[in-house]
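Pasting final37.pdb here (PDB, C-alpha atoms and all ligand atoms):
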ATOM      1  CA  MET A 251      -7.613   1.990  -7.843
ATOM      2  CA  ARG A 252      -9.508   1.124  -4.668
ATOM      3  CA  LYS A 253     -12.680   2.092  -6.533
ATOM      4  CA  GLY A 254     -11.877  -0.346  -9.352
ATOM      5  CA  VAL A 255     -10.607   2.072 -12.017
ATOM      6  CA  CYS A 256      -6.977   2.346 -13.166
ATOM      7  CA  PRO A 257      -5.769   5.990 -13.025
ATOM      8  CA  LYS A 258      -3.316   5.390 -15.879
ATOM      9  CA  CYS A 259      -5.329   3.610 -18.584
ATOM     10  CA  HIS A 260      -8.872   3.933 -17.111
ATOM     11  CA  SER A 261      -9.464   0.178 -17.329
ATOM     12  CA  ARG A 262     -11.945  -1.343 -14.878
ATOM     13  CA  GLU A 263      -9.958  -4.593 -14.698
ATOM     14  CA  VAL A 264      -8.368  -3.918 -11.300
ATOM     15  CA  TYR A 265      -7.362  -6.707  -8.927
ATOM     16  CA  GLY A 266      -7.024  -6.121  -5.197
ATOM     17  CA  GLY A 267      -4.612  -8.026  -2.964
ATOM     18  CA  THR A 268      -6.103  -6.895   0.341
ATOM     19  CA  LYS A 269      -6.861 -10.499   1.319
ATOM     20  CA  ALA A 270      -3.448 -11.855   0.273
ATOM     21  CA  SER A 271      -1.844 -13.960   2.947
ATOM     22  CA  PRO A 272       0.751 -13.550   4.225
ATOM     23  CA  LYS A 273       0.665  -9.795   3.709
ATOM     24  CA  SER A 274       4.450  -9.454   3.860
ATOM     25  CA  GLY A 275       7.166 -11.862   2.913
ATOM     26  CA  TRP A 276      10.844 -12.712   3.156
ATOM     27  CA  ASN A 277      13.090  -9.825   4.342
ATOM     28  CA  ASN A 278      10.086  -7.564   4.894
ATOM     29  CA  SER A 279       9.101  -7.638   1.259
ATOM     30  CA  ASN A 280       5.850  -5.815   0.506
ATOM     31  CA  THR A 281       6.414  -3.434   3.433
ATOM     32  CA  ILE A 282       7.876  -0.006   4.158
ATOM     33  CA  PRO A 283      10.061   0.654   7.227
ATOM     34  CA  LEU A 284       8.521   2.352  10.278
ATOM     35  CA  SER A 285      11.024   2.315  13.133
ATOM     36  CA  GLY A 286      13.415  -0.220  14.591
ATOM     37  CA  LEU A 287      12.338  -3.606  13.309
ATOM     38  CA  ARG A 288       8.758  -2.520  12.645
ATOM     39  CA  ALA A 289       7.510  -2.436   9.092
ATOM     40  CA  ALA A 290       4.121  -1.578   7.639
ATOM     41  CA  ALA A 291       2.595  -4.154   5.290
ATOM     42  CA  LEU A 292       1.016  -2.917   2.069
ATOM     43  CA  ASP A 293      -2.234  -3.620   0.286
ATOM     44  CA  ASN A 294      -1.638  -3.713  -3.453
ATOM     45  CA  TYR A 295      -3.883  -3.128  -6.430
ATOM     46  CA  VAL A 296      -2.874  -4.184  -9.931
ATOM     47  CA  CYS A 297      -4.372  -3.143 -13.249
ATOM     48  CA  GLY A 298      -4.958  -6.242 -15.357
ATOM     49  CA  SER A 299      -4.767  -4.171 -18.530
ATOM     50  CA  CYS A 300      -1.579  -2.065 -18.255
ATOM     51  CA  GLY A 301       0.088  -3.600 -15.157
ATOM     52  CA  TYR A 302       0.114  -0.418 -13.094
ATOM     53  CA  VAL A 303       0.492  -1.097  -9.338
ATOM     54  CA  GLU A 304      -0.729   1.069  -6.477
ATOM     55  CA  SER A 305      -0.015   0.388  -2.794
ATOM     56  CA  TYR A 306      -1.606   1.492   0.488
ATOM     57  CA  ILE A 307      -0.661   0.990   4.121
ATOM     58  CA  ALA A 308      -2.725  -2.024   5.171
ATOM     59  CA  LYS A 309      -3.273  -1.260   8.880
ATOM     60  CA  GLU A 310      -4.653   1.959  10.348
ATOM     61  CA  LYS A 311      -2.258   1.730  13.329
ATOM     62  CA  ASP A 312       0.713   1.722  10.946
ATOM     63  CA  LEU A 313      -0.690   4.729   9.113
ATOM     64  CA  ALA A 314      -1.067   6.504  12.475
ATOM     65  CA  ALA A 315       2.591   5.731  13.274
ATOM     66  CA  ILE A 316       3.666   7.269   9.969
ATOM     67  CA  ARG A 317       1.629  10.407  10.697
ATOM     68  CA  LYS A 318       3.516  10.750  14.001
ATOM     69  CA  ARG A 319       7.028   9.977  12.785
ATOM     70  CA  TRP A 320       7.401  10.985   9.150
ATOM     71  CA  GLU A 321       7.836  14.525   7.874
ATOM     72  CA  LEU A 322       4.903  16.196   6.184
ATOM     73  CA  VAL A 323       5.734  17.081   2.565
ATOM     74  CA  PHE A 324       4.839  20.565   1.367
TER      75      PHE A 324
HETATM   76 ZN    ZN A 401      -4.156   0.390 -16.267
END
Translate the structure described by the file into structure tokens.
Ligand SMILES: [Zn+2]
Amino acid sequence: MRKGVCPKCHSREVYGGTKASPKSGWNNSNTIPLSGLRAAALDNYVCGSCGYVESYIAKEKDLAAIRKRWELVF
């Protein structure tokens, strides 16, 4: 989706919320938990044709924390 094509319906009508502000909301909405009170905000992409949503960790430092703390899936 970050390249502007929906992986589900192949539409090129993809909207990116990378510049949305604030990035996270009430009760850590639009985040995933990291550790303690820390949460990683997400960048979202939405297909304007079928409504499919795809999310990415917004900050590289949060992605690095996940690499350190989360289990690798095989
Ligand atoms: Zn789509």
Determine the axis-aligned bounding box of all atoms of region 287-291 of chain A present in the file, pad each side by 5 Å, and express its centre and edge lengths in Å to one decimal place as JSON.
{"center_x": 7.5, "center_y": -2.9, "center_z": 9.3, "size_x": 19.7, "size_y": 12.6, "size_z": 18.0}
Residues within 12 Å of ligand ZN 401 (chain A) (only C-alpha atoms and all ligand atoms), as a PDB file with C-alpha atoms, in the frame of the given file?
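Output below, filename part-v2.pdb:
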ATOM      1  CA  MET A 251      -7.613   1.990  -7.843  1.00  0.00           C
ATOM      2  CA  GLY A 254     -11.877  -0.346  -9.352  1.00  0.00           C
ATOM      3  CA  VAL A 255     -10.607   2.072 -12.017  1.00  0.00           C
ATOM      4  CA  CYS A 256      -6.977   2.346 -13.166  1.00  0.00           C
ATOM      5  CA  PRO A 257      -5.769   5.990 -13.025  1.00  0.00           C
ATOM      6  CA  LYS A 258      -3.316   5.390 -15.879  1.00  0.00           C
ATOM      7  CA  CYS A 259      -5.329   3.610 -18.584  1.00  0.00           C
ATOM      8  CA  HIS A 260      -8.872   3.933 -17.111  1.00  0.00           C
ATOM      9  CA  SER A 261      -9.464   0.178 -17.329  1.00  0.00           C
ATOM     10  CA  ARG A 262     -11.945  -1.343 -14.878  1.00  0.00           C
ATOM     11  CA  GLU A 263      -9.958  -4.593 -14.698  1.00  0.00           C
ATOM     12  CA  VAL A 264      -8.368  -3.918 -11.300  1.00  0.00           C
ATOM     13  CA  TYR A 265      -7.362  -6.707  -8.927  1.00  0.00           C
ATOM     14  CA  TYR A 295      -3.883  -3.128  -6.430  1.00  0.00           C
ATOM     15  CA  VAL A 296      -2.874  -4.184  -9.931  1.00  0.00           C
ATOM     16  CA  CYS A 297      -4.372  -3.143 -13.249  1.00  0.00           C
ATOM     17  CA  GLY A 298      -4.958  -6.242 -15.357  1.00  0.00           C
ATOM     18  CA  SER A 299      -4.767  -4.171 -18.530  1.00  0.00           C
ATOM     19  CA  CYS A 300      -1.579  -2.065 -18.255  1.00  0.00           C
ATOM     20  CA  GLY A 301       0.088  -3.600 -15.157  1.00  0.00           C
ATOM     21  CA  TYR A 302       0.114  -0.418 -13.094  1.00  0.00           C
ATOM     22  CA  VAL A 303       0.492  -1.097  -9.338  1.00  0.00           C
ATOM     23  CA  GLU A 304      -0.729   1.069  -6.477  1.00  0.00           C
TER      24      GLU A 304
END
Can you spell out as a compact mmCIF listing (two decimals) with C-alpha atoms, in the frame of the given file the set of residues that the PyMOL selection byres (((chain A and resi 305-313) around 7) and not hetatm) selects in the structure I just provided?
# COMPACT_ATOMS: atom_id res chain seq x y z
CA ALA A 290 4.12 -1.58 7.64
CA ALA A 291 2.60 -4.15 5.29
CA LEU A 292 1.02 -2.92 2.07
CA ASP A 293 -2.23 -3.62 0.29
CA ASN A 294 -1.64 -3.71 -3.45
CA TYR A 295 -3.88 -3.13 -6.43
CA VAL A 303 0.49 -1.10 -9.34
CA GLU A 304 -0.73 1.07 -6.48
CA ALA A 314 -1.07 6.50 12.48
CA ALA A 315 2.59 5.73 13.27
CA ILE A 316 3.67 7.27 9.97
CA ARG A 317 1.63 10.41 10.70
* Structure fact -> Closest of A:Arg252, A:Val323, A:Arg288, A:Lys318 to Thr268 (chain A), counting all atoms listed in the file, is A:Arg252
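Reported to one decimal place, the separation of CA of Leu287 (chain A) from CA of Gly266 (chain A) is 26.9 Å.
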